[in-house]
$ cat target.txt   # compact mmCIF, N, CA and C atoms
# COMPACT_ATOMS: atom_id res chain seq x y z
N MET A 1008 85.63 -22.69 17.82
CA MET A 1008 84.40 -22.60 17.03
C MET A 1008 83.67 -21.32 17.44
N LYS A 1009 83.31 -20.52 16.45
CA LYS A 1009 82.54 -19.29 16.68
C LYS A 1009 81.12 -19.48 16.16
N LEU A 1010 80.23 -18.67 16.71
CA LEU A 1010 78.82 -18.72 16.32
C LEU A 1010 78.29 -17.30 16.25
N ASP A 1011 77.58 -16.99 15.19
CA ASP A 1011 76.93 -15.69 15.05
C ASP A 1011 75.53 -15.92 14.53
N GLN A 1012 74.55 -15.24 15.14
CA GLN A 1012 73.17 -15.40 14.68
C GLN A 1012 72.53 -14.02 14.55
N GLN A 1013 71.90 -13.81 13.41
CA GLN A 1013 71.19 -12.56 13.15
C GLN A 1013 69.85 -12.88 12.52
N ARG A 1014 68.94 -11.96 12.68
CA ARG A 1014 67.62 -12.09 12.07
C ARG A 1014 67.39 -10.85 11.22
N PHE A 1015 66.85 -11.05 10.03
CA PHE A 1015 66.51 -9.90 9.19
C PHE A 1015 65.14 -10.12 8.57
N SER A 1016 64.58 -9.04 8.05
CA SER A 1016 63.25 -9.09 7.45
C SER A 1016 63.31 -8.61 6.01
N THR A 1017 62.42 -9.16 5.21
CA THR A 1017 62.26 -8.75 3.82
C THR A 1017 60.79 -8.47 3.57
N GLN A 1018 60.50 -7.34 2.99
CA GLN A 1018 59.13 -6.99 2.61
C GLN A 1018 58.84 -7.62 1.25
N THR A 1019 57.74 -8.36 1.17
CA THR A 1019 57.34 -8.93 -0.12
C THR A 1019 56.12 -8.18 -0.63
N ASN A 1020 56.00 -8.13 -1.92
CA ASN A 1020 54.89 -7.43 -2.56
C ASN A 1020 54.22 -8.37 -3.56
N GLY A 1021 53.74 -9.49 -3.04
CA GLY A 1021 53.06 -10.44 -3.90
C GLY A 1021 53.92 -11.63 -4.24
N ARG A 1022 53.29 -12.59 -4.85
CA ARG A 1022 53.95 -13.85 -5.22
C ARG A 1022 55.09 -13.56 -6.19
N ASN A 1023 56.29 -13.94 -5.73
CA ASN A 1023 57.49 -13.65 -6.53
C ASN A 1023 58.68 -14.26 -5.81
N THR A 1024 59.84 -14.22 -6.46
CA THR A 1024 61.09 -14.58 -5.81
C THR A 1024 61.86 -13.30 -5.52
N TYR A 1025 62.46 -13.23 -4.33
CA TYR A 1025 63.18 -12.05 -3.88
C TYR A 1025 64.61 -12.46 -3.56
N ASN A 1026 65.55 -11.87 -4.27
CA ASN A 1026 66.96 -12.24 -4.12
C ASN A 1026 67.48 -11.70 -2.78
N ILE A 1027 67.88 -12.61 -1.90
CA ILE A 1027 68.41 -12.22 -0.59
C ILE A 1027 69.88 -12.59 -0.45
N THR A 1028 70.53 -12.90 -1.56
CA THR A 1028 71.93 -13.33 -1.53
C THR A 1028 72.82 -12.28 -0.87
N GLN A 1029 72.66 -11.02 -1.21
CA GLN A 1029 73.52 -9.98 -0.64
C GLN A 1029 73.30 -9.83 0.86
N ASP A 1030 72.07 -10.00 1.33
CA ASP A 1030 71.82 -9.96 2.77
C ASP A 1030 72.60 -11.06 3.48
N ILE A 1031 72.59 -12.25 2.88
CA ILE A 1031 73.29 -13.39 3.46
C ILE A 1031 74.80 -13.14 3.43
N GLU A 1032 75.32 -12.66 2.31
CA GLU A 1032 76.76 -12.38 2.20
C GLU A 1032 77.20 -11.36 3.25
N GLN A 1033 76.38 -10.35 3.48
CA GLN A 1033 76.72 -9.32 4.47
C GLN A 1033 76.77 -9.91 5.88
N ILE A 1034 75.80 -10.76 6.21
CA ILE A 1034 75.78 -11.38 7.54
C ILE A 1034 76.99 -12.29 7.72
N ILE A 1035 77.34 -13.05 6.68
CA ILE A 1035 78.53 -13.91 6.75
C ILE A 1035 79.77 -13.05 6.98
N ALA A 1036 79.92 -11.97 6.22
CA ALA A 1036 81.09 -11.10 6.36
C ALA A 1036 81.17 -10.50 7.76
N GLU A 1037 80.05 -10.05 8.29
CA GLU A 1037 80.02 -9.45 9.62
C GLU A 1037 80.32 -10.46 10.73
N SER A 1038 80.09 -11.75 10.46
CA SER A 1038 80.32 -12.77 11.47
C SER A 1038 81.80 -12.96 11.78
N GLY A 1039 82.66 -12.65 10.83
CA GLY A 1039 84.09 -12.85 11.01
C GLY A 1039 84.52 -14.30 10.81
N ILE A 1040 83.60 -15.15 10.44
CA ILE A 1040 83.90 -16.57 10.25
C ILE A 1040 84.44 -16.78 8.84
N GLN A 1041 85.59 -17.44 8.75
CA GLN A 1041 86.26 -17.68 7.48
C GLN A 1041 85.80 -18.98 6.82
N THR A 1042 85.65 -20.03 7.63
CA THR A 1042 85.30 -21.36 7.13
C THR A 1042 84.25 -21.97 8.04
N GLY A 1043 83.15 -22.43 7.46
CA GLY A 1043 82.11 -23.03 8.29
C GLY A 1043 80.83 -23.25 7.51
N LEU A 1044 79.72 -23.03 8.20
CA LEU A 1044 78.40 -23.23 7.62
C LEU A 1044 77.50 -22.05 7.93
N CYS A 1045 76.63 -21.74 6.99
CA CYS A 1045 75.62 -20.70 7.16
C CYS A 1045 74.26 -21.37 7.03
N HIS A 1046 73.48 -21.31 8.09
CA HIS A 1046 72.15 -21.92 8.10
C HIS A 1046 71.10 -20.81 8.07
N LEU A 1047 70.12 -20.95 7.16
CA LEU A 1047 69.03 -19.99 7.02
C LEU A 1047 67.72 -20.67 7.38
N PHE A 1048 66.85 -19.95 8.08
CA PHE A 1048 65.54 -20.48 8.44
C PHE A 1048 64.51 -19.37 8.29
N ILE A 1049 63.44 -19.64 7.54
CA ILE A 1049 62.36 -18.66 7.38
C ILE A 1049 61.23 -19.01 8.35
N HIS A 1050 60.69 -18.00 9.02
CA HIS A 1050 59.71 -18.19 10.10
C HIS A 1050 58.27 -18.12 9.59
N HIS A 1051 57.99 -18.76 8.48
CA HIS A 1051 56.65 -18.65 7.89
C HIS A 1051 56.23 -19.96 7.24
N THR A 1052 54.93 -20.15 7.07
CA THR A 1052 54.41 -21.39 6.49
C THR A 1052 53.87 -21.20 5.08
N SER A 1053 53.99 -20.00 4.54
CA SER A 1053 53.53 -19.79 3.16
C SER A 1053 54.55 -18.99 2.35
N ALA A 1054 55.81 -19.14 2.73
CA ALA A 1054 56.95 -18.60 1.98
C ALA A 1054 58.08 -19.59 2.20
N SER A 1055 59.05 -19.61 1.29
CA SER A 1055 60.14 -20.57 1.42
C SER A 1055 61.46 -19.98 0.95
N LEU A 1056 62.51 -20.77 1.10
CA LEU A 1056 63.85 -20.40 0.69
C LEU A 1056 64.29 -21.36 -0.40
N ILE A 1057 64.92 -20.83 -1.43
CA ILE A 1057 65.42 -21.67 -2.51
C ILE A 1057 66.80 -21.17 -2.95
N ILE A 1058 67.60 -22.09 -3.43
CA ILE A 1058 68.83 -21.75 -4.14
C ILE A 1058 68.56 -22.12 -5.59
N THR A 1059 68.70 -21.14 -6.48
CA THR A 1059 68.43 -21.40 -7.89
C THR A 1059 69.21 -20.42 -8.75
N GLU A 1060 68.99 -20.52 -10.03
CA GLU A 1060 69.61 -19.66 -11.06
C GLU A 1060 69.50 -18.20 -10.67
N ASN A 1061 70.63 -17.48 -10.72
CA ASN A 1061 70.61 -16.06 -10.37
C ASN A 1061 70.74 -15.13 -11.57
N ALA A 1062 70.91 -15.67 -12.77
CA ALA A 1062 71.16 -14.83 -13.94
C ALA A 1062 69.92 -14.67 -14.82
N ASP A 1063 69.23 -15.75 -15.08
CA ASP A 1063 68.09 -15.71 -16.01
C ASP A 1063 66.78 -15.79 -15.22
N PRO A 1064 66.03 -14.70 -15.14
CA PRO A 1064 64.77 -14.71 -14.38
C PRO A 1064 63.72 -15.65 -14.97
N ASP A 1065 63.91 -16.09 -16.20
CA ASP A 1065 62.96 -17.05 -16.78
C ASP A 1065 62.92 -18.36 -15.99
N VAL A 1066 64.04 -18.72 -15.37
CA VAL A 1066 64.05 -19.94 -14.55
C VAL A 1066 63.05 -19.80 -13.42
N ARG A 1067 63.05 -18.68 -12.73
CA ARG A 1067 62.13 -18.48 -11.61
C ARG A 1067 60.69 -18.34 -12.09
N ARG A 1068 60.49 -17.74 -13.25
CA ARG A 1068 59.13 -17.67 -13.82
C ARG A 1068 58.62 -19.06 -14.17
N ASP A 1069 59.51 -19.89 -14.73
CA ASP A 1069 59.12 -21.27 -15.06
C ASP A 1069 58.81 -22.07 -13.80
N LEU A 1070 59.56 -21.85 -12.72
CA LEU A 1070 59.24 -22.51 -11.46
C LEU A 1070 57.83 -22.14 -11.00
N GLU A 1071 57.49 -20.87 -11.13
CA GLU A 1071 56.15 -20.43 -10.75
C GLU A 1071 55.09 -21.11 -11.61
N THR A 1072 55.35 -21.25 -12.89
CA THR A 1072 54.42 -21.94 -13.79
C THR A 1072 54.18 -23.38 -13.32
N ILE A 1073 55.26 -24.07 -13.00
CA ILE A 1073 55.15 -25.45 -12.55
C ILE A 1073 54.37 -25.53 -11.23
N PHE A 1074 54.71 -24.64 -10.29
CA PHE A 1074 54.04 -24.69 -8.99
C PHE A 1074 52.58 -24.27 -9.07
N SER A 1075 52.22 -23.44 -10.03
CA SER A 1075 50.80 -23.08 -10.18
C SER A 1075 49.98 -24.29 -10.62
N ARG A 1076 50.63 -25.24 -11.29
CA ARG A 1076 49.96 -26.49 -11.67
C ARG A 1076 49.90 -27.46 -10.49
N LEU A 1077 51.00 -27.53 -9.72
CA LEU A 1077 51.07 -28.46 -8.60
C LEU A 1077 50.18 -28.05 -7.42
N ALA A 1078 50.12 -26.74 -7.17
CA ALA A 1078 49.36 -26.23 -6.03
C ALA A 1078 48.57 -25.00 -6.47
N PRO A 1079 47.48 -25.21 -7.19
CA PRO A 1079 46.72 -24.08 -7.71
C PRO A 1079 45.97 -23.32 -6.61
N ASP A 1080 45.83 -22.02 -6.79
CA ASP A 1080 45.01 -21.22 -5.88
C ASP A 1080 43.55 -21.63 -6.02
N GLY A 1081 42.84 -21.61 -4.90
CA GLY A 1081 41.39 -21.80 -4.93
C GLY A 1081 40.90 -23.17 -5.30
N ASP A 1082 41.71 -24.19 -5.17
CA ASP A 1082 41.26 -25.55 -5.48
C ASP A 1082 40.02 -25.86 -4.62
N PRO A 1083 38.94 -26.29 -5.22
CA PRO A 1083 37.71 -26.54 -4.44
C PRO A 1083 37.85 -27.67 -3.43
N GLU A 1084 38.90 -28.47 -3.52
CA GLU A 1084 39.14 -29.55 -2.55
C GLU A 1084 39.75 -29.02 -1.24
N TYR A 1085 40.31 -27.80 -1.25
CA TYR A 1085 40.94 -27.26 -0.05
C TYR A 1085 39.90 -27.00 1.03
N LEU A 1086 40.20 -27.39 2.26
CA LEU A 1086 39.35 -27.07 3.40
C LEU A 1086 39.81 -25.78 4.08
N HIS A 1087 41.11 -25.53 4.08
CA HIS A 1087 41.69 -24.35 4.75
C HIS A 1087 41.61 -23.16 3.79
N ILE A 1088 40.60 -22.32 3.99
CA ILE A 1088 40.39 -21.16 3.11
C ILE A 1088 40.19 -19.87 3.91
N LEU A 1089 40.51 -19.90 5.21
CA LEU A 1089 40.24 -18.76 6.08
C LEU A 1089 40.93 -17.47 5.65
N GLU A 1090 42.12 -17.57 5.06
CA GLU A 1090 42.89 -16.38 4.72
C GLU A 1090 42.90 -16.09 3.22
N GLY A 1091 42.03 -16.71 2.46
CA GLY A 1091 41.95 -16.42 1.03
C GLY A 1091 42.31 -17.61 0.17
N ILE A 1092 42.08 -17.44 -1.13
CA ILE A 1092 42.27 -18.55 -2.06
C ILE A 1092 43.73 -18.92 -2.28
N ASP A 1093 44.66 -18.04 -1.90
CA ASP A 1093 46.09 -18.33 -2.08
C ASP A 1093 46.75 -18.89 -0.82
N ASP A 1094 45.98 -19.05 0.27
CA ASP A 1094 46.58 -19.46 1.53
C ASP A 1094 46.99 -20.93 1.54
N MET A 1095 46.08 -21.83 1.23
CA MET A 1095 46.42 -23.25 1.26
C MET A 1095 47.44 -23.59 0.19
N SER A 1096 47.31 -22.99 -0.99
CA SER A 1096 48.32 -23.24 -2.02
C SER A 1096 49.69 -22.75 -1.56
N GLY A 1097 49.73 -21.67 -0.79
CA GLY A 1097 50.99 -21.18 -0.23
C GLY A 1097 51.61 -22.18 0.74
N HIS A 1098 50.77 -22.81 1.57
CA HIS A 1098 51.27 -23.83 2.50
C HIS A 1098 51.84 -25.03 1.73
N VAL A 1099 51.13 -25.47 0.71
CA VAL A 1099 51.59 -26.61 -0.09
C VAL A 1099 52.93 -26.28 -0.75
N ARG A 1100 53.03 -25.10 -1.34
CA ARG A 1100 54.26 -24.69 -2.01
C ARG A 1100 55.44 -24.65 -1.03
N SER A 1101 55.18 -24.18 0.17
CA SER A 1101 56.22 -24.12 1.19
C SER A 1101 56.71 -25.51 1.56
N ILE A 1102 55.78 -26.45 1.69
CA ILE A 1102 56.14 -27.83 2.03
C ILE A 1102 56.91 -28.49 0.89
N LEU A 1103 56.56 -28.18 -0.35
CA LEU A 1103 57.24 -28.78 -1.50
C LEU A 1103 58.63 -28.19 -1.74
N THR A 1104 58.91 -27.06 -1.17
CA THR A 1104 60.24 -26.45 -1.31
C THR A 1104 60.97 -26.64 0.01
N GLN A 1105 61.42 -25.56 0.64
CA GLN A 1105 62.13 -25.71 1.92
C GLN A 1105 62.04 -24.44 2.75
N THR A 1106 62.06 -24.64 4.06
CA THR A 1106 62.03 -23.51 4.98
C THR A 1106 63.39 -23.28 5.63
N GLU A 1107 64.36 -24.12 5.28
CA GLU A 1107 65.73 -23.93 5.77
C GLU A 1107 66.73 -24.40 4.73
N ILE A 1108 67.89 -23.74 4.75
CA ILE A 1108 68.98 -24.05 3.80
C ILE A 1108 70.29 -23.93 4.57
N THR A 1109 71.25 -24.79 4.26
CA THR A 1109 72.60 -24.67 4.80
C THR A 1109 73.57 -24.50 3.63
N ILE A 1110 74.44 -23.51 3.75
CA ILE A 1110 75.40 -23.16 2.69
C ILE A 1110 76.81 -23.20 3.29
N PRO A 1111 77.78 -23.79 2.60
CA PRO A 1111 79.16 -23.73 3.10
C PRO A 1111 79.69 -22.29 3.08
N VAL A 1112 80.55 -22.00 4.03
CA VAL A 1112 81.25 -20.71 4.08
C VAL A 1112 82.72 -20.98 3.82
N SER A 1113 83.29 -20.29 2.84
CA SER A 1113 84.72 -20.41 2.51
C SER A 1113 85.28 -19.01 2.28
N ASN A 1114 86.40 -18.73 2.90
CA ASN A 1114 87.04 -17.42 2.74
C ASN A 1114 86.09 -16.28 3.09
N ALA A 1115 85.33 -16.45 4.16
CA ALA A 1115 84.41 -15.44 4.69
C ALA A 1115 83.30 -15.05 3.71
N ARG A 1116 82.96 -15.99 2.79
CA ARG A 1116 81.88 -15.76 1.84
C ARG A 1116 81.10 -17.06 1.69
N SER A 1117 79.88 -16.93 1.19
CA SER A 1117 79.15 -18.16 0.87
C SER A 1117 79.88 -18.86 -0.27
N ALA A 1118 79.82 -20.18 -0.28
CA ALA A 1118 80.46 -20.96 -1.34
C ALA A 1118 79.43 -21.34 -2.41
N LEU A 1119 78.53 -20.41 -2.71
CA LEU A 1119 77.56 -20.63 -3.78
C LEU A 1119 78.28 -20.72 -5.12
N GLY A 1120 77.69 -21.47 -6.05
CA GLY A 1120 78.22 -21.54 -7.39
C GLY A 1120 78.00 -20.22 -8.13
N THR A 1121 78.69 -20.07 -9.22
CA THR A 1121 78.63 -18.84 -10.01
C THR A 1121 77.21 -18.43 -10.37
N TRP A 1122 76.38 -19.39 -10.73
CA TRP A 1122 75.03 -19.08 -11.20
C TRP A 1122 73.96 -19.31 -10.14
N GLN A 1123 74.38 -19.46 -8.88
CA GLN A 1123 73.42 -19.70 -7.81
C GLN A 1123 73.15 -18.43 -7.02
N GLY A 1124 71.90 -18.27 -6.62
CA GLY A 1124 71.50 -17.20 -5.72
C GLY A 1124 70.53 -17.76 -4.69
N VAL A 1125 70.43 -17.06 -3.56
CA VAL A 1125 69.49 -17.45 -2.52
C VAL A 1125 68.28 -16.53 -2.63
N PHE A 1126 67.11 -17.14 -2.69
CA PHE A 1126 65.88 -16.39 -2.89
C PHE A 1126 64.85 -16.73 -1.82
N LEU A 1127 64.13 -15.73 -1.38
CA LEU A 1127 62.92 -15.93 -0.62
C LEU A 1127 61.82 -16.05 -1.66
N TRP A 1128 61.06 -17.12 -1.60
CA TRP A 1128 59.97 -17.32 -2.56
C TRP A 1128 58.66 -17.09 -1.82
N GLU A 1129 58.05 -15.95 -2.11
CA GLU A 1129 56.75 -15.62 -1.53
C GLU A 1129 55.68 -16.37 -2.29
N HIS A 1130 54.87 -17.13 -1.55
CA HIS A 1130 53.83 -17.94 -2.17
C HIS A 1130 52.44 -17.31 -2.08
N ARG A 1131 52.32 -16.19 -1.39
CA ARG A 1131 51.02 -15.52 -1.27
C ARG A 1131 50.99 -14.32 -2.21
N THR A 1132 49.80 -13.83 -2.51
CA THR A 1132 49.66 -12.71 -3.46
C THR A 1132 49.66 -11.34 -2.77
N GLY A 1133 49.56 -11.30 -1.46
CA GLY A 1133 49.54 -10.03 -0.73
C GLY A 1133 50.93 -9.56 -0.37
N GLN A 1134 50.96 -8.51 0.46
CA GLN A 1134 52.23 -7.96 0.95
C GLN A 1134 52.48 -8.49 2.36
N PHE A 1135 53.72 -8.94 2.59
CA PHE A 1135 54.06 -9.51 3.89
C PHE A 1135 55.47 -9.10 4.30
N GLN A 1136 55.69 -9.03 5.59
CA GLN A 1136 57.02 -8.84 6.16
C GLN A 1136 57.50 -10.24 6.56
N ARG A 1137 58.52 -10.75 5.90
CA ARG A 1137 59.01 -12.10 6.14
C ARG A 1137 60.31 -12.04 6.93
N HIS A 1138 60.44 -12.93 7.92
CA HIS A 1138 61.58 -12.93 8.83
C HIS A 1138 62.43 -14.18 8.63
N ILE A 1139 63.74 -13.97 8.60
CA ILE A 1139 64.70 -15.05 8.37
C ILE A 1139 65.78 -14.97 9.44
N THR A 1140 66.08 -16.11 10.05
CA THR A 1140 67.20 -16.20 10.99
C THR A 1140 68.37 -16.85 10.27
N VAL A 1141 69.54 -16.21 10.42
CA VAL A 1141 70.77 -16.69 9.79
C VAL A 1141 71.76 -17.02 10.91
N THR A 1142 72.25 -18.25 10.92
CA THR A 1142 73.23 -18.68 11.90
C THR A 1142 74.50 -19.10 11.16
N VAL A 1143 75.61 -18.45 11.52
CA VAL A 1143 76.90 -18.77 10.89
C VAL A 1143 77.79 -19.39 11.97
N THR A 1144 78.31 -20.57 11.68
CA THR A 1144 79.20 -21.25 12.63
C THR A 1144 80.48 -21.64 11.92
N GLY A 1145 81.57 -21.65 12.66
CA GLY A 1145 82.83 -22.07 12.08
C GLY A 1145 84.01 -21.40 12.74
N GLU A 1146 85.10 -21.36 12.01
CA GLU A 1146 86.36 -20.76 12.49
C GLU A 1146 86.67 -19.50 11.73

$ encode --input "target.txt" --output "structure tokens"
Amino acid sequence: MKLDQQRFSTQTNGRNTYNITQDIEQIIAESGIQTGLCHLFIHHTSASLIITENADPDVRRDLETIFSRLAPDGDPEYLHILEGIDDMSGHVRSILTQTEITIPVSNARSALGTWQGVFLWEHRTGQFQRHITVTVTGE
């Protein structure tokens, strides 16, 4: 059993989804692992990781529409407002999605489906440097 762990950063420029699939594929390839698992973890409480449609950006825009209803910015019921009107909504969005993902590795590549991509979903409106740890284990 082999293990490889790397950390990388992605600069975000506002609330959006950022395709990190190629970063993940590169780390898997560099690991030398042919068959196993790739675990991703984002080190933040107002951004998340998602696997979703990689071809039609309307899917990701529609997700944003839904989440703007579920966790609106500036809700007057929020107590946590120290970092701005998008901070608490960012925390809620992160909890409703995920901060970690595990993907199978087959033939030294992720075993994502044809229409799947891995995205960092920034839930805040500002610019941030987001950090992700990737651990690849297997043979």

$ axis_aligned_box --input "target.txt" --around "region 1104-1115 of chain A" --padding-each-side "8 Å" --output "AutoDock Vina command-line options"
--center_x 73.0 --center_y -21.1 --center_z 2.2 --size_x 44.1 --size_y 28.0 --size_z 23.1

$ residues_around --input "target.txt" --residues "Met1008 (chain A)" --least-positions-apart "2" --cutoff "9 Å" --atoms "only C-alpha atoms" --output "MDAnalysis selection string"
chainID A and resid 1010 1144:1146

$ write_last_selection --input "target.txt" --atoms "N, CA and C atoms" --output "CSV table (one decimal), keeping the file's coordinate frame"
chain,number,residue,atom,x,y,z
A,1010,LEU,N,80.2,-18.7,16.7
A,1010,LEU,CA,78.8,-18.7,16.3
A,1010,LEU,C,78.3,-17.3,16.2
A,1144,THR,N,78.3,-20.6,11.7
A,1144,THR,CA,79.2,-21.2,12.6
A,1144,THR,C,80.5,-21.6,11.9
A,1145,GLY,N,81.6,-21.6,12.7
A,1145,GLY,CA,82.8,-22.1,12.1
A,1145,GLY,C,84.0,-21.4,12.7
A,1146,GLU,N,85.1,-21.4,12.0
A,1146,GLU,CA,86.4,-20.8,12.5
A,1146,GLU,C,86.7,-19.5,11.7

$ residues_around --input "target.txt" --residues "region 1074-1090 of chain A" --least-positions-apart "6" --cutoff "6.5 Å" --atoms "only N, CA and C atoms" --output "count of residues only"
3

$ residues_around --input "target.txt" --residues "region 1035-1047 of chain A" --least-positions-apart "2" --cutoff "8 Å" --atoms "only C-alpha atoms" --output "list of chain:residue names"
A:Lys1009, A:Leu1010, A:Asp1011, A:Ile1031, A:Glu1032, A:Gln1033, A:Ile1049, A:Glu1107, A:Ile1108, A:Thr1109, A:Ile1110, A:Pro1111, A:Val1112, A:Ser1113, A:Asn1114, A:Ala1115, A:Arg1116, A:Ser1117, A:Ile1139, A:Thr1140, A:Val1141, A:Thr1142, A:Val1143, A:Thr1144, A:Gly1145, A:Glu1146

$ atom_distance --input "target.txt" --atom1 "atom N of Thr1017 (chain A)" --atom2 "atom C of Ile1102 (chain A)"
20.6 Å

$ atom_distance --input "target.txt" --atom1 "atom C of Phe1126 (chain A)" --atom2 "atom N of Thr1059 (chain A)"
7.5 Å

$ atom_distance --input "target.txt" --atom1 "atom N of Arg1014 (chain A)" --atom2 "CA of Asp1093 (chain A)"
27.9 Å

$ closest_residue --input "target.txt" --among "A:Asn1023, A:Ile1034, A:Ser1101, A:Gln1134" --to "Leu1056 (chain A)" --atoms "only N, CA and C atoms"
A:Ser1101

$ closest_residue --input "target.txt" --among "A:Gln1136, A:Ser1055, A:Thr1019, A:Thr1024" --to "Thr1104 (chain A)" --atoms "only N, CA and C atoms"
A:Ser1055

$ closest_residue --input "target.txt" --among "A:Gly1120, A:Asn1061, A:His1130, A:Thr1072" --to "Asp1094 (chain A)" --atoms "all atoms listed in the file"
A:His1130

$ closest_residue --input "target.txt" --among "A:Ala1054, A:Asn1020, A:Glu1060, A:Glu1071" --to "Phe1135 (chain A)" --atoms "only N, CA and C atoms"
A:Asn1020

$ select_by_dssp --input "target.txt" --residues "region 1036-1107 of chain A" --states "alpha helix (DSSP H)" --output "list in words"
Ala1036, Glu1037, Ser1038, Pro1064, Asp1065, Val1066, Arg1067, Arg1068, Asp1069, Leu1070, Glu1071, Thr1072, Ile1073, Phe1074, Ser1075, Arg1076, Leu1077, Asp1094, Met1095, Ser1096, Gly1097, His1098, Val1099, Arg1100, Ser1101, Ile1102 and Leu1103 of chain A

$ select_by_dssp --input "target.txt" --residues "chain A" --states "strand (DSSP E or B)" --output "PyMOL selection string"
chain A and resi 1009-1020+1023-1026+1043-1049+1054-1060+1107-1113+1116-1117+1123-1129+1134-1145
